[in-house]
Each structure stands twice: as C-alpha cells, then as structure tokens.
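A quick write-up on the structure given underneath.
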Amino acid sequence: MDKNSVYKTNIIGAGEVGCAISVDMDKNSVYKTNSFYWDTNGNDFLGAIVLPFYGAFVSEEKCQLFGDVSGKKMLEIGCGNGQSLQYHGERKASELWAVDISEKQIEKATQHLTACGLSAKLICSPMEEECGIPVDYFDFVYSIYAIGWTTDLEGTFCRIASYLKKDGVFIFSWSHPVHKCVVAENNMLAFKKCYFDESWYSVSLDEGALTLSDRKLSTYVNALAKAGFVIEQMIEQSDDEIMQSRDDNSDFAKKAKMLPVTFVVKARKL
C-alpha cells in the first residue's frame, strides 16, 4: 500500500491512539497486516468485546435481540477468543460455527471452548472469502465488533445473507461512526475527523499496525438493503444502568453520555 502524507485522527476502542496515515486499499495487504496484529497481540491492546456485551455500554441482557437460541444454528463472524460462542453454547444452541482471520484467535477459541465442554466448527479465513460455510443453513449469523474489519462490506453482507435460512437473523455491532470522529479535548468534545471520509488508513500502535476504514452509518444500511435484509432494530444509545454500575468517570464514559459510541443492528433475511 502506498502511503501519502495525509495524517488524521484515529480512534480505536476508547480513545485516540497512534498516528493514522491514509493509504490505498489493497485487500491482500490489509489481510496480512490485520491478521498479523490479531495473531500477535490484538486482544492485549484492544481487549475483547464479547457477549452478553455488544460494546462498552450495550448488552444483550437488556436488548434481548437474540431471544431464545436453544436448538438454533449459530455462525459468528470474527470469533476472537470464543467467549461469545460460549455464551450461545451455554444457552443450548444446537450448532456453533465461526470464522476468523487470525490463526492464533482460532487456536484460542478452540482451547477455550474445549475447556468449557463445547464444540464448534471454526474456520480461519477472511470473512469476505468463500471458505466452505454452508448456505441456507443458519438461524443466526452474528458479529460482535468484527464486521468493520471487512475490506468489502457489500460482498460480506451478501455472503452472510447466503449463509442464512429464509427469515434468518443477522446481528452485528461496531464502533459508531460518530464516535470515530469526535475526541475529548480540554473537557469538551471536538470533531477531529470528517464523518463522510471513508478512505482507508493505517495506524501504528505500540506493538504493530492496523488498517481499516470508518464507514458512514448509511453505508451499512444501504449494504444491508442491497444484500436482501430488512432492518428490524437498531441500537445506538449507551445503557445508563451499565454506566452507573461501573461508576466510570473516564473521558470515554463521559463521551458515551453525549453521543453514541457503539451501534447494533438486527436485520432479517427476506
């Protein structure tokens, strides 16, 4: 990827980090950069967001987007360490499947689920690619803070639609695009990045680098529609009870009271 001289704010997780440099998007380079990061130390720096949480201050226990999953076939996109698969396994889902770009994360998920007495079919592959997942098969496909890593959003949503049965449900969460534009600065919130800028960028962190794009909310909505989904519910407000229970006075928590930091979508395949 050819770097240019455009520098801009980058927000990953709770705050502004690293130095973001605009880059040309090359799918194979993105795969290599991001899979290496998650293989080496992704969870150590970014942490793992897993069910029952969709993000810092949004929970399945409050939202009840899945409902009863007993006897259901579940596919996770970006399984990480396997804890969200565990969540559904303990709620009697009949089959657990997952795909993740990182071999190391697949290994961690396998070890974790085995220790929990659960089995799952885990596949190491970019979510955009054909990787042997059955079509017209799953009741639920879901992704907890992973869908935004795709290099091809429309293609990924179309592929996810193909995995689902008719009337199957797709649920995903990701960092809200408004959150990605705003930083806490001198006890104020300031826009530091253009909301409409969807260009790709690379950010160097202490132990590696990541490459991604911050998409507009409308980009997700339109890609869902094109893939044949109808949106049933969208959540973008932080849960006051969760915030109060944590007694969090960080800049991130203050920000979450003022604007959305996570969004969650529940969509159904037509």
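Every chain in the structure tokens takes a letter, A first, then B, and so on in the order presented; its residues are numbered from 1, and the ligands are numbered from 1 following the presented order.
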
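Within stretch 206-256 of chain A, DSSP run on the backbone puts these residues in strand (DSSP E or B): Gly208, Ala209, Leu210, Thr211, Leu212, Ser213, Phe229, Val230, Ile231, Glu232, Gln233, Met234 and Ile235 of chain A.
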
For this session: Please give the complete set of residues from stretch 37-100 of chain A that DSSP, run on the backbone, assigns to alpha helix (DSSP H), formatted as number ranges by chain.
Result: A: 37-40, 42-46, 60-63, 83-89

I want to know what sits within 7 Å of A:Val50, based on only C-alpha atoms, with residues of the same chain fewer than 3 positions away left out; could you give that as an mmCIF file with N, CA, C and O atoms, in the first residue's frame?
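Writing done, so here's out.cif:
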```
data_model
loop_
_atom_site.group_PDB
_atom_site.id
_atom_site.type_symbol
_atom_site.label_atom_id
_atom_site.label_comp_id
_atom_site.auth_asym_id
_atom_site.auth_seq_id
_atom_site.Cartn_x
_atom_site.Cartn_y
_atom_site.Cartn_z
ATOM 1 N N PHE A 53 -22.132 -8.543 26.042
ATOM 2 C CA PHE A 53 -21.978 -7.129 25.676
ATOM 3 C C PHE A 53 -21.759 -6.984 24.177
ATOM 4 O O PHE A 53 -20.999 -7.728 23.566
ATOM 5 N N TYR A 54 -22.431 -6.005 23.594
ATOM 6 C CA TYR A 54 -22.248 -5.653 22.193
ATOM 7 C C TYR A 54 -21.189 -4.571 22.031
ATOM 8 O O TYR A 54 -20.663 -4.356 20.939
ATOM 9 N N GLN A 83 -15.451 -16.527 23.408
ATOM 10 C CA GLN A 83 -16.344 -16.327 24.543
ATOM 11 C C GLN A 83 -17.789 -16.071 24.124
ATOM 12 O O GLN A 83 -18.726 -16.436 24.850
ATOM 13 N N SER A 84 -18.000 -15.425 22.969
ATOM 14 C CA SER A 84 -19.372 -15.224 22.508
ATOM 15 C C SER A 84 -19.984 -16.548 22.049
ATOM 16 O O SER A 84 -21.192 -16.780 22.224
ATOM 17 N N ILE A 144 -19.681 -9.537 16.743
ATOM 18 C CA ILE A 144 -19.511 -8.596 17.846
ATOM 19 C C ILE A 144 -18.200 -7.827 17.638
ATOM 20 O O ILE A 144 -17.117 -8.369 17.805
#
```

Problem set entry | A:Ala161 environment, 10 Å, only C-alpha atoms, sequence neighbours closer than 5 positions dropped, as a ChimeraX atom specification | /A:135-136,138,141,155-156,166-170,224,227-229,268-270

Kindly save the residues from that selection, with C-alpha atoms included, as an mmCIF file, in the first residue's frame.
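Result file follows (again-v1.cif):
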```cif
data_model
loop_
_atom_site.group_PDB
_atom_site.id
_atom_site.type_symbol
_atom_site.label_atom_id
_atom_site.label_comp_id
_atom_site.auth_asym_id
_atom_site.auth_seq_id
_atom_site.Cartn_x
_atom_site.Cartn_y
_atom_site.Cartn_z
ATOM 1 C CA VAL A 135 -25.549 -21.840 2.581
ATOM 2 C CA ASP A 136 -29.223 -21.519 3.566
ATOM 3 C CA PHE A 138 -28.099 -20.905 9.825
ATOM 4 C CA VAL A 141 -25.299 -15.036 11.922
ATOM 5 C CA GLY A 155 -19.777 -8.565 -0.533
ATOM 6 C CA THR A 156 -19.592 -9.637 3.100
ATOM 7 C CA LYS A 166 -35.063 -17.523 4.813
ATOM 8 C CA ASP A 167 -36.156 -15.260 7.695
ATOM 9 C CA GLY A 168 -32.814 -15.883 9.385
ATOM 10 C CA VAL A 169 -31.400 -13.111 11.565
ATOM 11 C CA PHE A 170 -28.141 -11.166 11.270
ATOM 12 C CA LEU A 224 -27.802 -4.457 4.181
ATOM 13 C CA ALA A 227 -27.933 -7.886 0.324
ATOM 14 C CA GLY A 228 -31.658 -8.509 0.869
ATOM 15 C CA PHE A 229 -32.000 -7.683 4.561
ATOM 16 C CA ARG A 268 -33.717 -10.277 8.879
ATOM 17 C CA LYS A 269 -33.150 -12.029 5.564
ATOM 18 C CA LEU A 270 -36.127 -11.602 3.278
#
```

Problem set entry | One-decimal distance in Å that lies between atom CA of A:Val261 and atom CA of A:Asp197 | 17.6 Å
